[in-house]
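**Student:** I am attaching a structure below and will ask some questions about it afterwards.
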2 protein chains.
Amino acid sequence: MTDQHKTVNINIRKDLFGANEDAAALNAALFKKHGITVFDIMGSVGTGKTQLIETLCERLRDQHKILMIAGDLATNIDANRVGSHGVDTVQINTGTACHLDARMIRVALDDVDLSNYDIVFIENVGNLICPAGYSLGADKKIVVVSVTEGPYMIQKHPLTIKRADMIVINKIDLAEVLEFNIDALVKDIREVDANLSVHKVSAKTGFGIPELVASLGF
Amino acid sequence: MTDQHKTVNINIRKDLFGANEDAAALNAALFKKHGITVFDIMGSVGTGKTQLIETLCERLRDQHKILMIAGDLATNIDANRVGSHGVDTVQINTGTACHLDARMIRVALDDVDLSNYDIVFIENVGNLICPAGYSLGADKKIVVVSVTEGPYMIQKHPLTIKRADMIVINKIDLAEVLEFNIDALVKDIREVDANLSVHKVSAKTGFGIPELVASLGF
């Protein structure tokens, strides 16, 4: 056995990013015109993005008019869950596309009367890689990570963390039983961005949610 | 509040798939010429793909010559972990690309003497969406899911499941504490493909690993 360890770096071109940025700027202008605050919520499958949005909707729906836009390959599961809280929803099924883009948001909102809303939660397609490259025109990009994802998810996604405005560490009620080191995860985040807003929450138990809501400006 | 629920379907073109299939066929012929059995192992971040490969290497390395190819955006973490078991590794850093493709494998193997090996484990980039669309020329596509991912990951990725040759449900030692319904997950798999090979394992405890190794043909 030769015990070789070799590293190959692959570069791919990203011609589409310019067009997406233009569309994102148009979305942002549209949201601003209507006085709507928009959150682009991304994270892997199973990190609890939907449960987090449900919890936020329960807290905010009496004082605010909320629209939830759900990105998903094939199902309406997440939109139905959030819709059951009396919140309007738009489902975008992307087929095989691993992320939402700004034009999908524009198409999805084409016949929606935005004057009905003052908060939009966009739940992006469930993975931590592709959504980071495509601005949607949101005010804040929130990355949801979970103690169920193992110790390397920050180190493996430095660009996603760099582009985030806030990190939510979810399911911290499971940290002890999974022997998960939250301090080490926060240290990994701090190494990418020393000043990034980090919230430790459990969408299930409600821990940390009041502080998160305040930090979102409500 | 209007209580609207709307669904928009996005179709994207996939011009690149034909070229990838050609490259995958060349890879498959190359592997066959050298008598190498190749496994393309895909799954989200934190499902335990690397730990599974480490466990399989521990079982197989005395009787077989193993090469591990690791796909990762930015780090060498997984290749280093597997390499620590005395197995040769090739790291492919994809930058922002959310999957390996057949040409990356070809480039990565360009100066590797394949006559040194009889098993290749390819650990794909960590997500359950993009890798499914790109054949690498492997003999089997193995999808690793985990009880930590929540109940919807099969329903949300029907194409990935359809294209898989085997599903490994990992971390079943955590099913009870996470109140995870494995039977319901298996039922979801059966609804996509009634005959798909499904293995329940814990790469950590070793549960189910002997049966999995036998099923891989060793």
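Going by the structure tokens order, chains are called A, B, ..., each with residues numbered from 1, while ligands are numbered from 1 in the order shown.
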If DSSP is run on the backbone, what residues of stretch 32-212 of chain B are alpha helix (DSSP H)? A reply as a VMD selection string would be ideal.
**Tutor:** chain B and resid 32 to 33 49 to 60 77 to 83 102 to 108 158 to 162 182 to 192 209 to 212
**Student:** Please save C-alpha atoms of the selected residues as a tab-separated table (two decimals), in the first residue's frame.
**Tutor:**
chain	number	residue	atom	x	y	z
B	32	LYS	CA	-14.00	-2.70	-14.70
B	33	LYS	CA	-10.69	-3.12	-16.54
B	49	LYS	CA	-20.97	8.87	5.77
B	50	THR	CA	-17.36	9.22	6.87
B	51	GLN	CA	-17.81	7.14	10.02
B	52	LEU	CA	-19.52	4.46	7.93
B	53	ILE	CA	-16.59	4.39	5.48
B	54	GLU	CA	-14.14	4.23	8.41
B	55	THR	CA	-16.03	1.26	9.85
B	56	LEU	CA	-16.12	-0.51	6.47
B	57	CYS	CA	-12.37	0.14	5.97
B	58	GLU	CA	-11.59	-1.37	9.39
B	59	ARG	CA	-13.50	-4.52	8.38
B	60	LEU	CA	-12.16	-4.80	4.83
B	77	ILE	CA	-11.41	16.51	7.27
B	78	ASP	CA	-13.06	13.36	5.90
B	79	ALA	CA	-10.06	12.16	3.85
B	80	ASN	CA	-7.82	12.63	6.88
B	81	ARG	CA	-10.20	10.61	9.07
B	82	VAL	CA	-10.33	7.72	6.61
B	83	GLY	CA	-6.60	8.02	5.85
B	102	ALA	CA	-17.67	11.98	-13.47
B	103	ARG	CA	-15.01	14.29	-14.91
B	104	MET	CA	-13.85	15.35	-11.44
B	105	ILE	CA	-13.32	11.66	-10.64
B	106	ARG	CA	-11.38	11.24	-13.89
B	107	VAL	CA	-9.12	14.23	-13.12
B	108	ALA	CA	-8.62	13.06	-9.54
B	158	PRO	CA	-37.91	11.03	-4.13
B	159	LEU	CA	-35.54	11.27	-7.14
B	160	THR	CA	-32.48	10.61	-4.97
B	161	ILE	CA	-34.15	7.51	-3.55
B	162	LYS	CA	-35.29	6.32	-7.00
B	182	ILE	CA	-37.81	4.01	11.72
B	183	ASP	CA	-40.76	1.91	10.49
B	184	ALA	CA	-42.39	5.04	9.07
B	185	LEU	CA	-39.13	5.93	7.30
B	186	VAL	CA	-38.86	2.45	5.78
B	187	LYS	CA	-42.50	2.74	4.67
B	188	ASP	CA	-41.63	6.02	2.89
B	189	ILE	CA	-38.73	4.26	1.13
B	190	ARG	CA	-40.98	1.34	0.13
B	191	GLU	CA	-43.48	3.77	-1.41
B	192	VAL	CA	-40.74	5.06	-3.75
B	209	ILE	CA	-22.35	-3.66	9.84
B	210	PRO	CA	-21.63	-7.39	9.22
B	211	GLU	CA	-24.91	-7.73	7.30
B	212	LEU	CA	-24.11	-4.58	5.32
**Student:** DSSP on the backbone: what in stretch 32-73 of chain A comes out strand (DSSP E or B), as a ChimeraX atom specification?
**Tutor:** /A:37-43,66-72
**Student:** Neighbours of B:Lys171 within 12 Å (only C-alpha atoms; same-chain residues fewer than 6 positions away dropped), as a PyMOL selection string?
**Tutor:** (chain A and resi 148-150+178) or (chain B and resi 46-49+51-52+144-149+177-178+180+182+199-209)
**Student:** Restricting the output to C-alpha atoms, write the selected residues as an mmCIF file, in the first residue's frame.
**Tutor:**
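So the final result, stored in out02.cif, reads:
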data_model
loop_
_atom_site.group_PDB
_atom_site.id
_atom_site.type_symbol
_atom_site.label_atom_id
_atom_site.label_comp_id
_atom_site.auth_asym_id
_atom_site.auth_seq_id
_atom_site.Cartn_x
_atom_site.Cartn_y
_atom_site.Cartn_z
ATOM 1 C CA THR A 148 -27.821 16.881 15.181
ATOM 2 C CA GLU A 149 -25.531 17.682 12.232
ATOM 3 C CA GLY A 150 -22.226 16.639 13.742
ATOM 4 C CA LEU A 178 -25.876 13.820 21.576
ATOM 5 C CA GLY B 46 -23.907 14.797 9.620
ATOM 6 C CA THR B 47 -25.486 11.519 8.502
ATOM 7 C CA GLY B 48 -22.252 9.685 9.278
ATOM 8 C CA LYS B 49 -20.973 8.867 5.770
ATOM 9 C CA GLN B 51 -17.811 7.142 10.023
ATOM 10 C CA LEU B 52 -19.522 4.459 7.932
ATOM 11 C CA VAL B 144 -26.931 7.274 3.788
ATOM 12 C CA VAL B 145 -29.774 8.788 5.805
ATOM 13 C CA SER B 146 -29.821 9.276 9.557
ATOM 14 C CA VAL B 147 -32.421 9.275 12.299
ATOM 15 C CA THR B 148 -31.119 12.761 13.192
ATOM 16 C CA GLU B 149 -32.553 14.252 9.983
ATOM 17 C CA VAL B 177 -33.790 9.109 22.419
ATOM 18 C CA LEU B 178 -34.826 11.170 19.350
ATOM 19 C CA PHE B 180 -37.631 8.621 15.647
ATOM 20 C CA ILE B 182 -37.806 4.006 11.722
ATOM 21 C CA HIS B 199 -29.927 -1.552 5.938
ATOM 22 C CA LYS B 200 -30.381 -0.265 9.486
ATOM 23 C CA VAL B 201 -26.968 0.290 11.057
ATOM 24 C CA SER B 202 -24.995 2.203 13.629
ATOM 25 C CA ALA B 203 -21.524 2.941 12.293
ATOM 26 C CA LYS B 204 -20.673 4.024 15.859
ATOM 27 C CA THR B 205 -21.695 0.825 17.688
ATOM 28 C CA GLY B 206 -21.181 -1.571 14.756
ATOM 29 C CA PHE B 207 -24.802 -2.730 14.767
ATOM 30 C CA GLY B 208 -25.838 -4.071 11.343
ATOM 31 C CA ILE B 209 -22.352 -3.656 9.837
#
**Student:** Rank nothing, just name the residue among B:Met166, B:Met68, B:Ile142, B:Ala24 nearest to chain A, using only C-alpha atoms.
**Tutor:** B:Met68
**Student:** Could you name the residues that touch A:Lys141 at 12 Å or less, counting only C-alpha atoms, but leaving out those on the same chain fewer than 3 positions away, as number ranges by chain?
**Tutor:** A: 37-43, 121-124, 131-138, 144, 160-168, 196-197, 216
**Student:** Export, as a JSON list (two decimals), in the first residue's frame, the selected residues with C-alpha atoms.
**Tutor:**
[["chain", "number", "residue", "atom", "x", "y", "z"],
["A", 37, "THR", "CA", -39.15, 42.85, 6.36],
["A", 38, "VAL", "CA", -37.94, 39.69, 4.64],
["A", 39, "PHE", "CA", -35.92, 36.81, 6.09],
["A", 40, "ASP", "CA", -34.18, 34.18, 3.91],
["A", 41, "ILE", "CA", -33.88, 31.12, 6.15],
["A", 42, "MET", "CA", -31.48, 28.42, 4.99],
["A", 43, "GLY", "CA", -30.08, 25.21, 6.43],
["A", 121, "PHE", "CA", -40.30, 34.32, 5.94],
["A", 122, "ILE", "CA", -38.65, 32.49, 3.02],
["A", 123, "GLU", "CA", -37.73, 28.91, 3.84],
["A", 124, "ASN", "CA", -35.03, 27.97, 1.34],
["A", 131, "PRO", "CA", -28.80, 28.65, -1.29],
["A", 132, "ALA", "CA", -25.84, 30.69, -0.03],
["A", 133, "GLY", "CA", -24.84, 31.71, -3.57],
["A", 134, "TYR", "CA", -28.18, 33.23, -4.56],
["A", 135, "SER", "CA", -29.48, 36.44, -2.99],
["A", 136, "LEU", "CA", -33.27, 36.65, -2.96],
["A", 137, "GLY", "CA", -33.57, 40.32, -1.98],
["A", 138, "ALA", "CA", -34.16, 39.56, 1.70],
["A", 144, "VAL", "CA", -30.08, 27.46, 10.84],
["A", 160, "THR", "CA", -22.31, 30.06, 3.65],
["A", 161, "ILE", "CA", -21.33, 31.34, 7.08],
["A", 162, "LYS", "CA", -19.50, 34.36, 5.62],
["A", 163, "ARG", "CA", -22.61, 35.38, 3.69],
["A", 164, "ALA", "CA", -24.98, 34.93, 6.66],
["A", 165, "ASP", "CA", -26.34, 37.81, 8.77],
["A", 166, "MET", "CA", -27.26, 35.55, 11.67],
["A", 167, "ILE", "CA", -26.68, 31.95, 12.79],
["A", 168, "VAL", "CA", -29.36, 30.12, 14.75],
["A", 196, "LEU", "CA", -21.71, 37.40, 13.51],
["A", 197, "SER", "CA", -24.94, 37.30, 15.54],
["A", 216, "LEU", "CA", -35.06, 40.23, 14.54]]
**Student:** Go through B:Ile154, B:Ala23, B:Ala70, B:Val87 and flag the residue nearest B:Ile119, using only C-alpha atoms for the distances.
**Tutor:**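 Nearest candidate to B:Ile119 out of B:Ile154, B:Ala23, B:Ala70, B:Val87: B:Val87.
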**Student:** Ranking B:Val198, B:Leu100, B:Leu26, B:Leu67 by minimum distance to B:Tyr117 and counting only C-alpha atoms, which one comes first?
**Tutor:**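 Once distances to B:Tyr117 are computed over only C-alpha atoms, the minimum belongs to B:Leu67.
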**Student:** Which one is closest to B:Ser115: B:His34, B:Tyr152, B:Leu128, B:Thr89? Count only C-alpha atoms.
**Tutor:**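 When distances to B:Ser115 are compared using only C-alpha atoms, the smallest one comes from B:His34.
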